[in-house]
Amino acid sequence: MHPMTDEGGTTPGPAASAAVPGGPVVASGTAVRLHQVTKDFAETRALDAIDLTVPAGQMLAILGASGSGKSTLLRTLNGLVVPTSGTVEVLDTDVTKARGRQMRQLRTGVGFIFQQFGLVGRLSVMENVLSGALGRIRFPRAGVLSYPRSLRVEALGHLDRVGLADRPFQRSDTLSGGQQQRVAIARTLMQRPTVLLADEPVASLDPESSAAVLALLMEICQEKGLTVITSLHQVELARGWADRLVGMRAGRVVLDGSPKDVSADEVMEIYRGVVR
Amino acid sequence: MTAPTLHGTEAPLRRTSPPWTRQRYFLVALVVVSVVALVVSWRYTGMGVLPLFTGIGHIFTFLGHCVPPDFYDFPHTLDEALITVCMAVVGTALAAVLGLIVGFLAARNTTPHPAVRWLARGFIVLCRSIPDLVFAIIFVQALGVGILPGVLALGFHSVGMLGKLYAEAIEQVPPQPRAAVTATGAGPLQNVMTSVWPQVMPAFSSITLYRLDINLRSAVILGYVGAGGIGLLLEQFMETLQFKRAIAIVLVMFVLIVLMEYVSALIRRSLIGEDAPAISGQPRARQATPRLSRWISAAIPRPRRELVEPGAVAQEVAAATASAAAGKDPTRPPWTTERVKQNGFALGAVVLLILSLWATKINPITAVTDVRQLWDQFVLYFPPDFSTDRAGLFSGVYQTIAVAVVATVVGLVFAIPIGLAASRNVAGKWTYRTARVFLLIVRAVPELILAIVFVVAVGLGLVAGAFALMVGTVGFLSKLVADNIEEVNPQPREAVLSAGAAKLQETVTSVILPSAPALVGNSMYMLDVNFRSSTILGLVGAGGLGFLLYQANQVLAYRTVGAIIILTFAVVLIIEIITNWLRKQVI
């Protein structure tokens with residue numbers, strides 16, 4: 001459904017074309033399908049009978065107040081959270097039934113960007129980026145002690161794309177928040193994903209870095225034709241980048257439409273808790 | 001009831017004293033129980049300060065026989081000292097390997113199954129509860145006098161501490177990087193090696209070096225029961241009343257222990273100094289670079305960092321890819337000072353281990369065969385015989401507990417002022433330095449040697465053991481107190497001083513009180529440690545379970561030895577459960 005094309009995208013730089021094999025992704029069909037997905041944490045219902053279908057190549061932004069179920073929804077899509085009931089299909093794989101190797105295979109195709117970056121602070125920028133390739137390397141060089149040169153070259157290319165090619169061997173915890181999120185983006189690119197999930201990717205950054213990092217992320221996703229599902233707090237950024245807005249409140253989808261069709265007032269009502 | 005306010009109206013009276021919370025009740029109960037336990041134990045052991053004063057004469061007479069030290073056959077002594085160091089190194093390496101395995105199995109976030117976790121934790125508790133000297137007695141019995149029993153004793157007992165601390169370090173790893181690596185499709189081993197190992201490596205190095213320190217002290221003592229090295233020499237000289245030669249051995253041990261402490265502190269700081277936790281979220285003041293690091297830093301040219309335009313590196317990469325003959329690989333990390341240091345120390349550790357194996361003549365392959373003989377010895381302890389001397393056994397348990405309680409509580413009373421004096425942020429420069437040197441000396445003298453001195457002073461029995469353990473407790477606990485106090489957040493101290501408080505008021509309110517929970521936790525830990533040490537001291541005639549064990553072993557009453565080991569294990573386990581529970585209630 002998402003054949004790979006050149007990773008350099010529509011405007012490949014010398015680095016990207018040299019560094020990354022394969023090609024841009026062309027989207028078709030359905031990437032994600034949720035049917036009556038419910039998730040309970042002890043006495044709290046985080047997701048309540050969610051039905052959602054995301055066509056391949058769509059850029060979808062989930063809006064909602066804290067605790068509305070956005071993060072849980074994203075985490076059910078790559079199996080980090082197992083739903084209490086319902087089915088989750090991603091790239092034609094039933095995530096709720098996938099185990100072991102099948103789950104790892106699925107995760108390899110689904111990139112995930114976390115709000116707190118999820119970098120291993122003591123590792124270098126390069127090593128963190130290379131960890132994105134762990135799902136596709138096997139014994140004897142399983143990435144446990146070292147990585148093949150071809151992957152290291154590819155990682156440098158991705159670092160170049162996110163503007164950090166000058167510091168591949170710097171310790172990750174010495175970077176600024178915006179730089180750390182760029183490393184996380186490069187790590188995700190290393191997975192060569194078809195679907196990209198992002199959980200509040202710019203919530204920990206200052207407004208200037210937020211705009212720059214989100215612009216970079218969305219440009220890359222557009223270049224590669226990735227299916228993107230991201231939760232965001234910044235409504236204007238979401239309206240600017242997304243093809244579709246989904247609003248959540250108390251674990252339910254309460255708004256679903258194109259940014260053109262949804263007014264700013266309607267969006268703000270998600271946060272006020274008053275939804276027509 | 002109401003009270004007048006500034007505005008003349010009346011407001012309901014509010015309480016001005018803190019409420020009696022569960023924690024406060026426990027704290028008061030703990031103090032009361034400690035005092036009662038001290039009084040009961042003091043009387044039970046027949047403790048008194050008077051015998052110590054009257055016995056001082058004996059100590060001086062004994063010391064008179066010891067001076068001047070006779071460094072008889074010094075090269076041989078040095079050889080044996082090096083063997084002892086090697087025994088500590090190999091024992092620690094064995095413990096590190098075993099500890100690493102059980103640590104990962106016992107940590108909540110890396111264990112493959114809860115049942116495996118409990119099995120691993122059970123093994124860790126078992127290893128910790130049997131003192132290394134008891135292990136050594138068993139292994140010497142099975143394998144004969146030599147280095148291997150000592151190595152195995154150190155290795156197995158150390159797994160108890162290393163496995164526990166490794167597991168705790170693993171459980172403290174932040175979960176976000178693990179989730180992120182899991183989300184890339186990485187397998188379990190890849191995940192652990194990428195997101196857990198790099199984060200726990202500094203803690204592992206630090207804990208292992210600390211254990212090496214402890215093991216050197218223990219290795220000296222293990223020789224005393226036939227596990228080779230310098231301790232065996234000491235035992236031979238003491239047996240034949242050659243005190244001048246014995247004191248020379250003690251001095252060599254002392255130098256060895258101080259040297260090891262210095263070297264391991266140096267390596268620890270060089271490797272992980274900047275990774276130590278910051279105080280209250282404040283960036284840690286950069287420590288003075290240790291001399292060894294400065295030498296290494298000076299020897300290695302620093303790589304120049306140049307800002308590169310986006311794309312430029314990739315062009316370089318493309319060029320490098322095209323030309324296999326390119327001498328420089330931009331995808332390989334440069335040899336920075338940090339990298340050279342880390343690799344250098346890792347290589348040094350491997351070389352030291354190989355040299356130690358060579359020096360101790362331990363062949364890891366044949367050692368495995370030797371270990372099979374342990375089973376033949378092990379079956380001799382079963383079924384354990386509790387009935388022949390039931391009263392003696394239980395009296396031994398009471399005596400050992402009483403000695404541990406006296407040593408811990410009295411040791412704590414001395415440890416608080418000494419710990420304050422040894423804190424950089426409280427004491428003046430010279431007080432701090434004097435206190436630290438004092439602590440270094442006290443900690444460098446093994447408790448068994450202290451026990452021998454006190455046996456000379458007050459005769460065989462519990463009192464000698466209690467005094468020896470008390471001195472050891474003061475050394476160990478004072479250092480813990482000082483370390484805790486040095487980590488106290490400086491900001492409240494400034495606030496209290498700014499409010500016009502006197503130095504004493506400031507120290508009590510913003511130094512001692514905030515570090516009280518840690519002090520309670522450390523004292524509990526000390527009680528646990530002291531019970532095990534108390535068992536060991538019995539071996540030189542300081543009473544309790546250890547004395548019974550020694551006697552039973554001498555007359556080959558193996559089933560009684562088995563019963564004593566099981567009793568020791570049970571009591572250590574019970575003490576650990578109670579102290580853990582109390583710690584949770586109070587802290």
# chains A, B, ... in the order shown; residues from 1 in each chain; ligands from 1

$ interface_residues --of "chain A" --to "chain B" --cutoff "6 Å" --atoms "only C-alpha atoms" --output "list in words"
Ala15, Ala18, Arg104, Arg107, Thr108, Gly118, Leu119, Val120, Gly132, Leu134, Gly135, Val144, Arg152, Gly157, Asp160, Gly163, Asp166 and Phe169 of chain A

$ select_by_dssp --residues "range 14-122 of chain A" --states "strand (DSSP E or B)" --output "PyMOL selection string"
chain A and resi 23+30-41+44-55+59-64+85-90+93-94+110-113

$ write_last_selection --atoms "C-alpha atoms" --output "short mmCIF file (atom, residue, chain, number, x, y, z; two decimals), in the first residue's frame"
data_model
loop_
_atom_site.label_atom_id
_atom_site.label_comp_id
_atom_site.auth_asym_id
_atom_site.auth_seq_id
_atom_site.Cartn_x
_atom_site.Cartn_y
_atom_site.Cartn_z
CA GLY A 23 12.31 6.17 -2.89
CA THR A 30 -6.48 2.66 4.11
CA ALA A 31 -3.60 2.98 6.54
CA VAL A 32 -5.41 2.82 9.88
CA ARG A 33 -8.80 1.46 10.89
CA LEU A 34 -10.21 1.42 14.44
CA HIS A 35 -13.48 -0.30 15.23
CA GLN A 36 -15.25 0.21 18.57
CA VAL A 37 -11.95 0.57 20.43
CA THR A 38 -12.29 0.92 24.18
CA LYS A 39 -9.51 1.14 26.74
CA ASP A 40 -10.00 1.11 30.51
CA PHE A 41 -7.28 1.93 33.04
CA THR A 44 -10.95 5.29 34.14
CA ARG A 45 -12.20 4.88 30.58
CA ALA A 46 -9.47 6.40 28.40
CA LEU A 47 -11.03 5.42 25.06
CA ASP A 48 -14.72 4.90 24.59
CA ALA A 49 -15.90 2.98 21.51
CA ILE A 50 -13.72 4.81 19.00
CA ASP A 51 -14.40 4.30 15.29
CA LEU A 52 -11.86 5.91 12.98
CA THR A 53 -10.56 5.26 9.49
CA VAL A 54 -7.49 7.06 8.14
CA PRO A 55 -6.74 6.83 4.40
CA MET A 59 -2.26 14.11 7.65
CA LEU A 60 -4.58 13.92 10.61
CA ALA A 61 -4.34 16.05 13.73
CA ILE A 62 -6.04 15.01 16.97
CA LEU A 63 -7.07 17.87 19.23
CA GLY A 64 -8.31 17.70 22.78
CA SER A 85 -11.99 -4.26 23.44
CA GLY A 86 -12.38 -3.49 19.74
CA THR A 87 -10.04 -3.98 16.80
CA VAL A 88 -7.13 -1.88 15.58
CA GLU A 89 -5.80 -2.45 12.08
CA VAL A 90 -2.67 -0.68 10.91
CA THR A 93 -2.23 -5.93 10.40
CA ASP A 94 -4.50 -6.52 13.38
CA VAL A 110 5.11 2.78 12.06
CA GLY A 111 7.28 5.66 13.29
CA PHE A 112 6.47 7.19 16.67
CA ILE A 113 7.59 10.61 17.88
#

$ select_by_dssp --residues "range 35-102 of chain A" --states "alpha helix (DSSP H)" --output "VMD selection string"
chain A and resid 70 to 77 100 to 102

$ closest_atom_pairs --of "range 424-473 of chain B" --to "range 54-60 of chain B" --cutoff "7 Å" --atoms "only C-alpha atoms" --output "CSV"
residue,atom,partner,partner_atom,distance
B:Val453,CA,B:Ile59,CA,6.8
B:Val456,CA,B:Ile59,CA,6.3
B:Ala457,CA,B:Gly55,CA,4.3
B:Val458,CA,B:Gly55,CA,5.4

$ residues_around --residues "Arg272 in chain A" --least-positions-apart "3" --cutoff "12 Å" --atoms "only C-alpha atoms" --output "list in words"
Gly64, Ala65, Gly247, Met248, Arg249, Asp265, Glu266, Val267, Met268, Glu269, Val275 and Arg276 of chain A

$ write_last_selection --atoms "C-alpha atoms" --output "PDB file, in the first residue's frame"
ATOM      1  CA  GLY A  64      -8.305  17.700  22.785  1.00  0.00           C
ATOM      2  CA  ALA A  65      -7.625  18.689  26.355  1.00  0.00           C
ATOM      3  CA  GLY A 247     -11.453  16.391  18.308  1.00  0.00           C
ATOM      4  CA  MET A 248     -11.539  14.172  21.413  1.00  0.00           C
ATOM      5  CA  ARG A 249     -13.161  14.614  24.779  1.00  0.00           C
ATOM      6  CA  ASP A 265     -15.036  28.351  17.421  1.00  0.00           C
ATOM      7  CA  GLU A 266     -16.007  24.724  16.868  1.00  0.00           C
ATOM      8  CA  VAL A 267     -12.452  23.663  17.639  1.00  0.00           C
ATOM      9  CA  MET A 268     -12.285  25.764  20.780  1.00  0.00           C
ATOM     10  CA  GLU A 269     -15.496  24.215  22.006  1.00  0.00           C
ATOM     11  CA  VAL A 275     -19.761  20.333  21.565  1.00  0.00           C
ATOM     12  CA  ARG A 276     -22.661  20.573  19.192  1.00  0.00           C
TER      13      ARG A 276
END

$ residues_around --residues "Val195 in chain A" --least-positions-apart "5" --cutoff "6 Å" --atoms "only C-alpha atoms" --output "compact mmCIF listing (two decimals) with N, CA and C atoms, in the first residue's frame"
# COMPACT_ATOMS: atom_id res chain seq x y z
N VAL A 110 5.89 1.72 11.44
CA VAL A 110 5.11 2.78 12.06
C VAL A 110 6.03 3.62 12.95
N LEU A 226 3.96 10.22 3.71
CA LEU A 226 3.61 9.38 4.86
C LEU A 226 2.19 9.68 5.34
N THR A 227 1.59 8.68 5.93
CA THR A 227 0.33 8.89 6.65
C THR A 227 0.71 9.41 8.03
N VAL A 228 0.14 10.54 8.43
CA VAL A 228 0.54 11.13 9.70
C VAL A 228 -0.67 11.24 10.63

$ residues_around --residues "Leu30 in chain B" --least-positions-apart "2" --cutoff "12 Å" --atoms "only C-alpha atoms" --output "VMD selection string"
chain B and resid 23 to 28 32 to 38 409 520 to 521 523 to 524 578 to 579 582 to 583 585 to 586

$ closest_residue --among "B:Thr560, B:Gln491, B:Asn109, B:Asn215" --to "Gly392 in chain B" --atoms "only C-alpha atoms"
B:Thr560

$ residues_around --residues "range 482-488 of chain B" --least-positions-apart "4" --cutoff "8 Å" --atoms "only C-alpha atoms" --output "PDB file with C-alpha atoms, in the first residue's frame"
ATOM      1  CA  ILE B 279      21.317  18.113  43.988  1.00  0.00           C
ATOM      2  CA  GLY B 419      29.311  12.717  60.105  1.00  0.00           C
ATOM      3  CA  LEU B 420      28.567  16.451  60.544  1.00  0.00           C
ATOM      4  CA  ALA B 421      32.255  17.123  61.080  1.00  0.00           C
ATOM      5  CA  ALA B 422      33.058  15.188  57.906  1.00  0.00           C
ATOM      6  CA  SER B 423      30.599  17.161  55.739  1.00  0.00           C
ATOM      7  CA  ARG B 424      32.177  19.691  53.422  1.00  0.00           C
ATOM      8  CA  ASN B 425      29.096  21.928  53.513  1.00  0.00           C
ATOM      9  CA  SER B 478      29.539   8.458  59.722  1.00  0.00           C
ATOM     10  CA  VAL B 511      20.599  20.218  57.409  1.00  0.00           C
ATOM     11  CA  ILE B 512      19.916  17.634  60.104  1.00  0.00           C
ATOM     12  CA  PRO B 514      15.962  17.205  56.043  1.00  0.00           C
ATOM     13  CA  SER B 515      18.500  14.381  56.112  1.00  0.00           C
ATOM     14  CA  ALA B 518      17.966   9.072  54.979  1.00  0.00           C
ATOM     15  CA  LEU B 519      19.594   8.631  58.392  1.00  0.00           C
TER      16      LEU B 519
END

$ residues_around --residues "Ala212 in chain A" --least-positions-apart "4" --cutoff "12 Å" --atoms "only C-alpha atoms" --output "mmCIF file with C-alpha atoms, in the first residue's frame"
data_model
loop_
_atom_site.group_PDB
_atom_site.id
_atom_site.type_symbol
_atom_site.label_atom_id
_atom_site.label_comp_id
_atom_site.auth_asym_id
_atom_site.auth_seq_id
_atom_site.Cartn_x
_atom_site.Cartn_y
_atom_site.Cartn_z
ATOM 1 C CA VAL A 162 17.123 17.548 10.059
ATOM 2 C CA GLY A 163 20.041 19.994 10.190
ATOM 3 C CA GLY A 178 14.376 21.442 19.669
ATOM 4 C CA GLN A 179 17.575 19.676 18.621
ATOM 5 C CA GLN A 181 13.267 16.429 18.825
ATOM 6 C CA ARG A 182 15.109 16.720 15.483
ATOM 7 C CA PRO A 201 5.725 16.434 19.234
ATOM 8 C CA VAL A 202 6.264 20.116 20.013
ATOM 9 C CA LEU A 205 9.402 23.272 22.990
ATOM 10 C CA ASP A 206 9.297 27.054 22.981
ATOM 11 C CA PRO A 207 6.973 28.671 20.381
ATOM 12 C CA GLU A 208 9.765 29.430 17.909
ATOM 13 C CA LEU A 216 10.367 20.248 9.376
ATOM 14 C CA LEU A 217 8.371 17.197 10.411
ATOM 15 C CA MET A 218 5.458 17.977 8.125
ATOM 16 C CA GLU A 219 7.694 18.832 5.176
ATOM 17 C CA LEU A 237 -0.494 24.822 13.813
#
